[in-house]
file my_file-v2.pdb (PDB, C-alpha atoms and all ligand atoms)
ATOM      1  CA  MET A 193    -119.355 -72.014-101.162  1.00  0.00           C
ATOM      2  CA  CYS A 194    -118.375 -68.876 -99.293  1.00  0.00           C
ATOM      3  CA  MET A 195    -116.791 -66.076-101.310  1.00  0.00           C
ATOM      4  CA  HIS A 196    -115.782 -64.093 -98.243  1.00  0.00           C
ATOM      5  CA  CYS A 197    -113.925 -66.520 -96.057  1.00  0.00           C
ATOM      6  CA  ASP A 198    -110.198 -66.667 -96.485  1.00  0.00           C
ATOM      7  CA  TYR A 199    -109.429 -69.904 -94.672  1.00  0.00           C
ATOM      8  CA  ASN A 200    -105.717 -69.178 -94.588  1.00  0.00           C
ATOM      9  CA  GLU A 201    -106.394 -65.897 -92.854  1.00  0.00           C
ATOM     10  CA  ILE A 202    -108.883 -67.471 -90.426  1.00  0.00           C
ATOM     11  CA  LEU A 203    -106.222 -69.969 -89.319  1.00  0.00           C
ATOM     12  CA  ASN A 204    -103.572 -67.265 -89.061  1.00  0.00           C
ATOM     13  CA  THR A 205    -105.856 -65.096 -86.945  1.00  0.00           C
ATOM     14  CA  ALA A 206    -106.358 -68.054 -84.596  1.00  0.00           C
ATOM     15  CA  SER A 207    -102.560 -68.448 -84.367  1.00  0.00           C
ATOM     16  CA  LEU A 208    -102.691 -71.764 -86.193  1.00  0.00           C
ATOM     17  CA  ASP A 209    -100.291 -72.709 -88.970  1.00  0.00           C
ATOM     18  CA  PRO A 210    -102.338 -73.193 -92.131  1.00  0.00           C
ATOM     19  CA  THR A 211    -101.223 -76.763 -92.754  1.00  0.00           C
ATOM     20  CA  ARG A 212    -102.684 -78.562 -95.757  1.00  0.00           C
ATOM     21  CA  ASN A 213    -104.898 -80.848 -93.678  1.00  0.00           C
ATOM     22  CA  ARG A 214    -106.206 -78.055 -91.450  1.00  0.00           C
ATOM     23  CA  LEU A 215    -107.087 -76.052 -94.542  1.00  0.00           C
ATOM     24  CA  ARG A 216    -108.809 -79.034 -96.135  1.00  0.00           C
ATOM     25  CA  VAL A 217    -110.931 -79.687 -93.027  1.00  0.00           C
ATOM     26  CA  LEU A 218    -111.840 -76.016 -92.692  1.00  0.00           C
ATOM     27  CA  GLU A 219    -112.739 -75.791 -96.397  1.00  0.00           C
ATOM     28  CA  VAL A 220    -115.062 -78.779 -96.234  1.00  0.00           C
ATOM     29  CA  ILE A 221    -116.865 -77.277 -93.226  1.00  0.00           C
ATOM     30  CA  GLY A 222    -116.907 -73.719 -94.573  1.00  0.00           C
ATOM     31  CA  ASN A 223    -118.087 -74.656 -98.057  1.00  0.00           C
ATOM     32  CA  ASN A 224    -121.102 -76.569 -96.778  1.00  0.00           C
ATOM     33  CA  SER A 225    -124.445 -74.917 -96.114  1.00  0.00           C
ATOM     34  CA  PHE A 226    -125.292 -77.049 -93.068  1.00  0.00           C
ATOM     35  CA  PRO A 227    -123.188 -78.524 -90.230  1.00  0.00           C
ATOM     36  CA  LEU A 228    -121.434 -81.830 -90.874  1.00  0.00           C
ATOM     37  CA  SER A 229    -120.668 -84.886 -88.771  1.00  0.00           C
ATOM     38  CA  VAL A 230    -117.128 -86.239 -88.456  1.00  0.00           C
ATOM     39  CA  SER A 231    -118.085 -89.033 -90.858  1.00  0.00           C
ATOM     40  CA  ASP A 232    -119.374 -86.528 -93.429  1.00  0.00           C
ATOM     41  CA  ILE A 233    -116.150 -84.540 -93.182  1.00  0.00           C
ATOM     42  CA  HIS A 234    -113.966 -87.625 -93.342  1.00  0.00           C
ATOM     43  CA  ASP A 235    -115.882 -89.072 -96.332  1.00  0.00           C
ATOM     44  CA  THR A 236    -115.583 -85.804 -98.253  1.00  0.00           C
ATOM     45  CA  LEU A 237    -111.849 -85.581 -97.585  1.00  0.00           C
ATOM     46  CA  GLU A 238    -111.312 -89.208 -98.605  1.00  0.00           C
ATOM     47  CA  ARG A 239    -112.781 -88.457-102.023  1.00  0.00           C
ATOM     48  CA  THR A 240    -109.719 -86.399-102.900  1.00  0.00           C
ATOM     49  CA  THR A 241    -106.810 -87.582-100.724  1.00  0.00           C
ATOM     50  CA  PRO A 242    -106.909 -90.279 -98.048  1.00  0.00           C
ATOM     51  CA  ILE A 243    -106.689 -88.951 -94.493  1.00  0.00           C
ATOM     52  CA  ASN A 244    -106.620 -90.757 -91.178  1.00  0.00           C
ATOM     53  CA  ARG A 245    -109.838 -90.450 -89.182  1.00  0.00           C
ATOM     54  CA  VAL A 246    -107.867 -89.738 -86.004  1.00  0.00           C
ATOM     55  CA  THR A 247    -106.175 -86.843 -87.791  1.00  0.00           C
ATOM     56  CA  VAL A 248    -109.593 -85.420 -88.655  1.00  0.00           C
ATOM     57  CA  TYR A 249    -110.704 -85.699 -85.009  1.00  0.00           C
ATOM     58  CA  ARG A 250    -107.511 -84.032 -83.810  1.00  0.00           C
ATOM     59  CA  ILE A 251    -107.857 -81.137 -86.254  1.00  0.00           C
ATOM     60  CA  LEU A 252    -111.531 -80.665 -85.342  1.00  0.00           C
ATOM     61  CA  ASP A 253    -110.705 -80.556 -81.620  1.00  0.00           C
ATOM     62  CA  LEU A 254    -108.060 -77.938 -82.298  1.00  0.00           C
ATOM     63  CA  LEU A 255    -110.314 -75.803 -84.518  1.00  0.00           C
ATOM     64  CA  VAL A 256    -113.071 -75.927 -81.888  1.00  0.00           C
ATOM     65  CA  GLU A 257    -110.629 -75.070 -79.092  1.00  0.00           C
ATOM     66  CA  LYS A 258    -109.388 -72.047 -81.072  1.00  0.00           C
ATOM     67  CA  GLY A 259    -112.919 -70.867 -81.796  1.00  0.00           C
ATOM     68  CA  VAL A 260    -112.643 -71.308 -85.570  1.00  0.00           C
ATOM     69  CA  VAL A 261    -115.248 -74.055 -85.727  1.00  0.00           C
ATOM     70  CA  ASP A 262    -118.308 -74.645 -83.569  1.00  0.00           C
ATOM     71  CA  ARG A 263    -119.248 -78.060 -82.263  1.00  0.00           C
ATOM     72  CA  ILE A 264    -123.021 -78.160 -82.370  1.00  0.00           C
ATOM     73  CA  SER A 265    -124.488 -80.696 -80.019  1.00  0.00           C
ATOM     74  CA  THR A 266    -127.533 -82.817 -80.747  1.00  0.00           C
ATOM     75  CA  GLY A 267    -128.385 -83.448 -77.123  1.00  0.00           C
ATOM     76  CA  GLY A 268    -127.115 -86.993 -77.631  1.00  0.00           C
ATOM     77  CA  ARG A 269    -123.656 -88.295 -78.324  1.00  0.00           C
ATOM     78  CA  ALA A 270    -123.509 -87.076 -81.918  1.00  0.00           C
ATOM     79  CA  ALA A 271    -122.148 -83.662 -82.775  1.00  0.00           C
ATOM     80  CA  TYR A 272    -121.965 -81.587 -85.906  1.00  0.00           C
ATOM     81  CA  TYR A 273    -119.383 -79.074 -87.010  1.00  0.00           C
ATOM     82  CA  GLY A 274    -119.969 -75.670 -88.574  1.00  0.00           C
ATOM     83  CA  LEU A 275    -117.968 -72.512 -89.054  1.00  0.00           C
ATOM     84  CA  ALA A 276    -117.921 -70.400 -85.891  1.00  0.00           C
ATOM     85  CA  PRO A 277    -119.454 -66.947 -86.286  1.00  0.00           C
ATOM     86  CA  ASN A 278    -116.974 -64.468 -87.731  1.00  0.00           C
ATOM     87  CA  SER A 279    -117.095 -60.963 -89.198  1.00  0.00           C
ATOM     88  CA  HIS A 280    -119.399 -62.012 -92.038  1.00  0.00           C
ATOM     89  CA  HIS A 281    -121.132 -65.059 -90.572  1.00  0.00           C
ATOM     90  CA  ARG A 282    -123.608 -64.192 -87.872  1.00  0.00           C
ATOM     91  CA  ALA A 283    -124.456 -66.557 -85.043  1.00  0.00           C
ATOM     92  CA  HIS A 284    -127.611 -68.495 -85.942  1.00  0.00           C
ATOM     93  CA  PRO A 285    -129.867 -71.174 -84.537  1.00  0.00           C
ATOM     94  CA  HIS A 286    -129.906 -74.755 -85.774  1.00  0.00           C
ATOM     95  CA  PHE A 287    -132.717 -77.196 -86.348  1.00  0.00           C
ATOM     96  CA  TYR A 288    -132.109 -80.821 -85.460  1.00  0.00           C
ATOM     97  CA  CYS A 289    -134.402 -83.560 -86.744  1.00  0.00           C
ATOM     98  CA  THR A 290    -134.665 -86.207 -84.056  1.00  0.00           C
ATOM     99  CA  ALA A 291    -136.032 -88.698 -86.619  1.00  0.00           C
ATOM    100  CA  CYS A 292    -133.304 -88.656 -89.314  1.00  0.00           C
ATOM    101  CA  GLY A 293    -130.515 -86.786 -87.509  1.00  0.00           C
ATOM    102  CA  GLN A 294    -130.232 -84.033 -90.095  1.00  0.00           C
ATOM    103  CA  MET A 295    -128.961 -80.703 -88.742  1.00  0.00           C
ATOM    104  CA  ASP A 296    -129.823 -77.487 -90.557  1.00  0.00           C
ATOM    105  CA  CYS A 297    -128.678 -73.887 -90.224  1.00  0.00           C
ATOM    106  CA  LEU A 298    -131.486 -71.393 -89.697  1.00  0.00           C
ATOM    107  CA  ASP A 299    -131.517 -67.755 -90.652  1.00  0.00           C
ATOM    108  CA  PRO A 300    -129.645 -65.588 -88.097  1.00  0.00           C
ATOM    109  CA  GLY A 301    -132.815 -63.564 -87.577  1.00  0.00           C
ATOM    110  CA  ALA A 302    -135.108 -66.598 -87.290  1.00  0.00           C
ATOM    111  CA  LEU A 303    -135.101 -66.538 -83.494  1.00  0.00           C
ATOM    112  CA  ASN A 304    -134.214 -63.408 -81.706  1.00  0.00           C
ATOM    113  CA  VAL A 305    -132.522 -64.162 -78.451  1.00  0.00           C
ATOM    114  CA  GLU A 306    -130.689 -61.036 -77.537  1.00  0.00           C
ATOM    115  CA  PHE A 307    -128.276 -61.790 -74.741  1.00  0.00           C
ATOM    116  CA  ARG A 308    -125.728 -59.001 -75.149  1.00  0.00           C
ATOM    117  CA  ARG A 309    -127.425 -56.767 -72.602  1.00  0.00           C
ATOM    118  CA  PHE A 310    -127.627 -59.657 -70.167  1.00  0.00           C
ATOM    119  CA  ALA A 311    -123.955 -60.407 -70.846  1.00  0.00           C
ATOM    120  CA  ASP A 312    -123.073 -56.830 -69.898  1.00  0.00           C
ATOM    121  CA  THR A 313    -124.435 -57.304 -66.378  1.00  0.00           C
ATOM    122  CA  PHE A 314    -123.376 -60.944 -65.994  1.00  0.00           C
ATOM    123  CA  PRO A 315    -120.460 -61.177 -63.543  1.00  0.00           C
ATOM    124  CA  GLY A 316    -118.748 -63.951 -65.552  1.00  0.00           C
ATOM    125  CA  ARG A 317    -117.840 -64.099 -69.201  1.00  0.00           C
ATOM    126  CA  ILE A 318    -120.161 -65.391 -71.904  1.00  0.00           C
ATOM    127  CA  ASP A 319    -118.392 -66.658 -75.012  1.00  0.00           C
ATOM    128  CA  LYS A 320    -121.113 -68.370 -76.918  1.00  0.00           C
ATOM    129  CA  LEU A 321    -124.842 -68.948 -77.052  1.00  0.00           C
ATOM    130  CA  GLU A 322    -125.968 -72.202 -78.618  1.00  0.00           C
ATOM    131  CA  MET A 323    -129.512 -72.277 -79.930  1.00  0.00           C
ATOM    132  CA  ARG A 324    -130.875 -75.575 -81.165  1.00  0.00           C
ATOM    133  CA  LEU A 325    -134.446 -76.368 -82.032  1.00  0.00           C
ATOM    134  CA  ASP A 326    -135.319 -80.064 -81.928  1.00  0.00           C
ATOM    135  CA  GLY A 327    -138.171 -81.535 -83.896  1.00  0.00           C
ATOM    136  CA  VAL A 328    -139.064 -83.447 -87.019  1.00  0.00           C
ATOM    137  CA  CYS A 329    -138.011 -82.150 -90.455  1.00  0.00           C
ATOM    138  CA  LYS A 330    -140.501 -81.769 -93.285  1.00  0.00           C
ATOM    139  CA  ASN A 331    -139.350 -84.922 -95.089  1.00  0.00           C
ATOM    140  CA  CYS A 332    -139.699 -87.087 -91.988  1.00  0.00           C
ATOM    141  CA  LEU A 333    -143.028 -85.478 -91.202  1.00  0.00           C
ATOM    142  CA  LYS A 334    -144.301 -86.361 -94.675  1.00  0.00           C
ATOM    143  CA  ARG A 335    -143.128 -89.953 -94.183  1.00  0.00           C
ATOM    144  CA  GLU A 336    -144.827 -90.116 -90.773  1.00  0.00           C
ATOM    145  CA  LEU A 337    -148.096 -88.871 -92.199  1.00  0.00           C
ATOM    146  CA  ALA A 338    -147.902 -91.317 -95.114  1.00  0.00           C
ATOM    147  CA  ASN A 339    -147.383 -94.240 -92.709  1.00  0.00           C
ATOM    148  CA  GLU A 340    -150.402 -93.291 -90.683  1.00  0.00           C
ATOM    149  CA  LYS A 341    -152.725 -93.679 -93.654  1.00  0.00           C
TER     150      LYS A 341
HETATM  151 ZN    ZN B 401    -117.459 -66.987 -95.206  1.00  0.00          ZN
HETATM  152 ZN    ZN B 402    -135.801 -85.721 -90.621  1.00  0.00          ZN
HETATM  153 ZN    ZN B 403    -125.075 -73.331 -88.870  1.00  0.00          ZN
END

call {"tool": "encode", "arguments": {"input": "my_file-v2.pdb", "output": "structure tokens"}}
result
Amino acid sequence: MCMHCDYNEILNTASLDPTRNRLRVLEVIGNNSFPLSVSDIHDTLERTTPINRVTVYRILDLLVEKGVVDRISTGGRAAYYGLAPNSHHRAHPHFYCTACGQMDCLDPGALNVEFRRFADTFPGRIDKLEMRLDGVCKNCLKRELANEK
């Protein structure tokens, strides 16, 4: 759980009314240490108070559009949601396991792709750099090796 993020303030800064459901969705995403799928988010919310799945989708679309939440693609149709970088969360790469579909957050310094200088000379505007490493996670790798024996 993050001690720094004030979810109310994050929504206010993005000019969004901090409605109860928006706050709940943002809390579930912000309090998790790795990005979540829509199903993960919906399941977690359902544990406390029932919420319509369409409502969750609508809130996620809005939070992504306002730059509060990042939609992290898998290269396929699935997507995961994580807090967008803010004053105390640095942009960071993700690792996606193509075997089990688990998405993990990597250390911000794990891969150093410095694009700011490039952005300064780029004639357009760069808003976001998405870095995703695809591969097989250690658990799946262990399973693969065990099956080969
Ligand atoms: Zn935080
Ligand atoms: Zn895996
Ligand atoms: Zn992340």

call {"tool": "closest_residue", "arguments": {"input": "my_file-v2.pdb", "among": "A:Ser229, A:His234, A:His281, A:Pro242", "to": "ligand ZN 401 (chain B)", "atoms": "all atoms listed in the file"}}
result
A:His281

call {"tool": "closest_residue", "arguments": {"input": "my_file-v2.pdb", "among": "A:Ile233, A:Glu340, A:Arg324, A:Cys289", "to": "ligand ZN 402 (chain B)", "atoms": "only C-alpha atoms and all ligand atoms"}}
result
A:Cys289

call {"tool": "resolve_selection", "arguments": {"input": "my_file-v2.pdb", "expression": "the PyMOL selection byres (((chain A and resi 196) around 10) and not hetatm)", "output": "PyMOL selection string"}}
result
chain A and resi 193-195+197-199+279-281

call {"tool": "axis_aligned_box", "arguments": {"input": "my_file-v2.pdb", "around": "range 274-283 of chain A", "padding_each_side": "6 Å", "output": "AutoDock Vina command-line options"}}
result
--center_x -120.7 --center_y -68.3 --center_z -88.5 --size_x 19.5 --size_y 26.7 --size_z 19.0

call {"tool": "resolve_selection", "arguments": {"input": "my_file-v2.pdb", "expression": "the PyMOL selection byres (((chain A and resi 204-212) around 10) and not hetatm)", "output": "ChimeraX atom specification"}}
result
/A:198-203,213-218,254-255,257-260

call {"tool": "write_last_selection", "arguments": {"input": "my_file-v2.pdb", "atoms": "C-alpha atoms", "output": "short mmCIF file (atom, residue, chain, number, x, y, z; two decimals), in the coordinates of the input"}}
result
data_model
loop_
_atom_site.label_atom_id
_atom_site.label_comp_id
_atom_site.auth_asym_id
_atom_site.auth_seq_id
_atom_site.Cartn_x
_atom_site.Cartn_y
_atom_site.Cartn_z
CA ASP A 198 -110.20 -66.67 -96.48
CA TYR A 199 -109.43 -69.90 -94.67
CA ASN A 200 -105.72 -69.18 -94.59
CA GLU A 201 -106.39 -65.90 -92.85
CA ILE A 202 -108.88 -67.47 -90.43
CA LEU A 203 -106.22 -69.97 -89.32
CA ASN A 213 -104.90 -80.85 -93.68
CA ARG A 214 -106.21 -78.06 -91.45
CA LEU A 215 -107.09 -76.05 -94.54
CA ARG A 216 -108.81 -79.03 -96.14
CA VAL A 217 -110.93 -79.69 -93.03
CA LEU A 218 -111.84 -76.02 -92.69
CA LEU A 254 -108.06 -77.94 -82.30
CA LEU A 255 -110.31 -75.80 -84.52
CA GLU A 257 -110.63 -75.07 -79.09
CA LYS A 258 -109.39 -72.05 -81.07
CA GLY A 259 -112.92 -70.87 -81.80
CA VAL A 260 -112.64 -71.31 -85.57
#

call {"tool": "closest_residue", "arguments": {"input": "my_file-v2.pdb", "among": "A:Ala338, A:Leu321, A:Cys292, A:Leu298", "to": "Arg263 in chain A", "atoms": "only C-alpha atoms"}}
result
A:Leu321

call {"tool": "residues_near_ligand", "arguments": {"input": "my_file-v2.pdb", "ligand": "ligand ZN 403 (chain B)", "cutoff": "8 Å", "atoms": "only C-alpha atoms and all ligand atoms", "output": "short mmCIF file (atom, residue, chain, number, x, y, z; two decimals) with C-alpha atoms, in the frame of the given file"}}
result
data_model
loop_
_atom_site.label_atom_id
_atom_site.label_comp_id
_atom_site.auth_asym_id
_atom_site.auth_seq_id
_atom_site.Cartn_x
_atom_site.Cartn_y
_atom_site.Cartn_z
CA SER A 225 -124.44 -74.92 -96.11
CA PHE A 226 -125.29 -77.05 -93.07
CA PRO A 227 -123.19 -78.52 -90.23
CA GLY A 274 -119.97 -75.67 -88.57
CA LEU A 275 -117.97 -72.51 -89.05
CA ALA A 283 -124.46 -66.56 -85.04
CA HIS A 284 -127.61 -68.50 -85.94
CA PRO A 285 -129.87 -71.17 -84.54
CA HIS A 286 -129.91 -74.76 -85.77
CA ASP A 296 -129.82 -77.49 -90.56
CA CYS A 297 -128.68 -73.89 -90.22
CA LEU A 298 -131.49 -71.39 -89.70
#

call {"tool": "closest_residue", "arguments": {"input": "my_file-v2.pdb", "among": "A:Asn244, A:Asn304, A:Asn278, A:Thr290", "to": "ligand ZN 401 (chain B)", "atoms": "all atoms listed in the file"}}
result
A:Asn278

call {"tool": "residues_near_ligand", "arguments": {"input": "my_file-v2.pdb", "ligand": "ligand ZN 402 (chain B)", "cutoff": "6 Å", "atoms": "all atoms listed in the file", "output": "PDB file with C-alpha atoms, in the frame of the given file"}}
result
ATOM      1  CA  CYS A 289    -134.402 -83.560 -86.744  1.00  0.00           C
ATOM      2  CA  ALA A 291    -136.032 -88.698 -86.619  1.00  0.00           C
ATOM      3  CA  CYS A 292    -133.304 -88.656 -89.314  1.00  0.00           C
ATOM      4  CA  GLN A 294    -130.232 -84.033 -90.095  1.00  0.00           C
ATOM      5  CA  VAL A 328    -139.064 -83.447 -87.019  1.00  0.00           C
ATOM      6  CA  CYS A 329    -138.011 -82.150 -90.455  1.00  0.00           C
ATOM      7  CA  ASN A 331    -139.350 -84.922 -95.089  1.00  0.00           C
ATOM      8  CA  CYS A 332    -139.699 -87.087 -91.988  1.00  0.00           C
TER       9      CYS A 332
END

call {"tool": "atom_distance", "arguments": {"input": "my_file-v2.pdb", "atom1": "CA of Leu228 in chain A", "atom2": "CA of Val248 in chain A"}}
result
12.6 Å

call {"tool": "decode", "arguments": {"input": "my_file-v2.pdb", "residues": "range 316-327 of chain A", "atoms": "all heavy atoms", "output": "compact mmCIF listing (two decimals), in the first residue's frame"}}
result
# COMPACT_ATOMS: atom_id res chain seq x y z
N GLY A 316 7.31 16.63 -32.65
CA GLY A 316 5.98 16.43 -32.06
C GLY A 316 6.05 16.44 -30.55
O GLY A 316 7.01 16.96 -29.97
N ARG A 317 5.04 15.87 -29.93
CA ARG A 317 5.03 15.84 -28.47
C ARG A 317 5.01 14.39 -27.98
O ARG A 317 4.20 13.60 -28.46
CB ARG A 317 3.80 16.56 -27.95
CG ARG A 317 3.85 16.79 -26.44
CD ARG A 317 2.55 17.38 -25.94
NE ARG A 317 1.53 16.35 -25.86
CZ ARG A 317 0.21 16.61 -25.84
NH1 ARG A 317 -0.24 17.83 -25.92
NH2 ARG A 317 -0.66 15.62 -25.76
N ILE A 318 5.91 14.06 -27.09
CA ILE A 318 5.93 12.70 -26.53
C ILE A 318 5.34 12.75 -25.13
O ILE A 318 5.80 13.49 -24.27
CB ILE A 318 7.37 12.14 -26.52
CG1 ILE A 318 7.87 12.01 -27.97
CG2 ILE A 318 7.41 10.79 -25.81
CD1 ILE A 318 9.35 11.78 -28.08
N ASP A 319 4.30 11.95 -24.91
CA ASP A 319 3.63 11.96 -23.61
C ASP A 319 4.06 10.79 -22.74
O ASP A 319 4.03 10.86 -21.53
CB ASP A 319 2.11 11.89 -23.80
CG ASP A 319 1.59 13.15 -24.48
OD1 ASP A 319 2.14 14.22 -24.20
OD2 ASP A 319 0.65 13.04 -25.29
N LYS A 320 4.43 9.71 -23.37
CA LYS A 320 4.61 8.50 -22.60
C LYS A 320 5.50 7.51 -23.34
O LYS A 320 5.44 7.42 -24.56
CB LYS A 320 3.21 7.87 -22.40
CG LYS A 320 3.21 6.58 -21.64
CD LYS A 320 1.83 5.94 -21.69
CE LYS A 320 1.94 4.50 -21.25
NZ LYS A 320 0.70 3.75 -21.41
N LEU A 321 6.34 6.82 -22.59
CA LEU A 321 7.15 5.76 -23.16
C LEU A 321 6.73 4.48 -22.47
O LEU A 321 6.73 4.40 -21.24
CB LEU A 321 8.64 6.03 -22.90
CG LEU A 321 9.60 4.85 -23.16
CD1 LEU A 321 9.73 4.58 -24.65
CD2 LEU A 321 10.96 5.13 -22.56
N GLU A 322 6.34 3.49 -23.22
CA GLU A 322 5.94 2.22 -22.62
C GLU A 322 7.04 1.20 -22.87
O GLU A 322 7.42 0.97 -24.01
CB GLU A 322 4.60 1.75 -23.21
CG GLU A 322 4.08 0.51 -22.50
CD GLU A 322 2.65 0.13 -22.91
OE1 GLU A 322 1.79 1.01 -23.02
OE2 GLU A 322 2.43 -1.07 -23.12
N MET A 323 7.55 0.64 -21.79
CA MET A 323 8.61 -0.36 -21.91
C MET A 323 8.10 -1.68 -21.34
O MET A 323 7.78 -1.77 -20.16
CB MET A 323 9.83 0.08 -21.11
CG MET A 323 10.74 1.01 -21.86
SD MET A 323 12.25 1.25 -20.92
CE MET A 323 11.68 2.36 -19.64
N ARG A 324 8.02 -2.68 -22.19
CA ARG A 324 7.56 -3.99 -21.73
C ARG A 324 8.52 -5.06 -22.20
O ARG A 324 8.83 -5.14 -23.38
CB ARG A 324 6.17 -4.27 -22.27
CG ARG A 324 5.50 -5.47 -21.61
CD ARG A 324 4.26 -5.92 -22.35
NE ARG A 324 4.60 -6.54 -23.63
CZ ARG A 324 4.12 -6.16 -24.80
NH1 ARG A 324 3.28 -5.17 -24.88
NH2 ARG A 324 4.48 -6.77 -25.91
N LEU A 325 8.99 -5.85 -21.27
CA LEU A 325 9.82 -6.99 -21.62
C LEU A 325 8.92 -8.22 -21.62
O LEU A 325 8.17 -8.44 -20.68
CB LEU A 325 10.93 -7.18 -20.58
CG LEU A 325 11.91 -6.01 -20.42
CD1 LEU A 325 12.82 -6.25 -19.24
CD2 LEU A 325 12.72 -5.85 -21.69
N ASP A 326 8.97 -8.99 -22.68
CA ASP A 326 8.20 -10.23 -22.75
C ASP A 326 9.11 -11.42 -22.52
O ASP A 326 10.26 -11.42 -22.98
CB ASP A 326 7.56 -10.39 -24.14
CG ASP A 326 6.46 -9.37 -24.37
OD1 ASP A 326 6.00 -8.76 -23.39
OD2 ASP A 326 6.05 -9.21 -25.53
N GLY A 327 8.62 -12.43 -21.86
CA GLY A 327 9.43 -13.62 -21.65
C GLY A 327 8.68 -14.63 -20.81
O GLY A 327 7.44 -14.66 -20.83
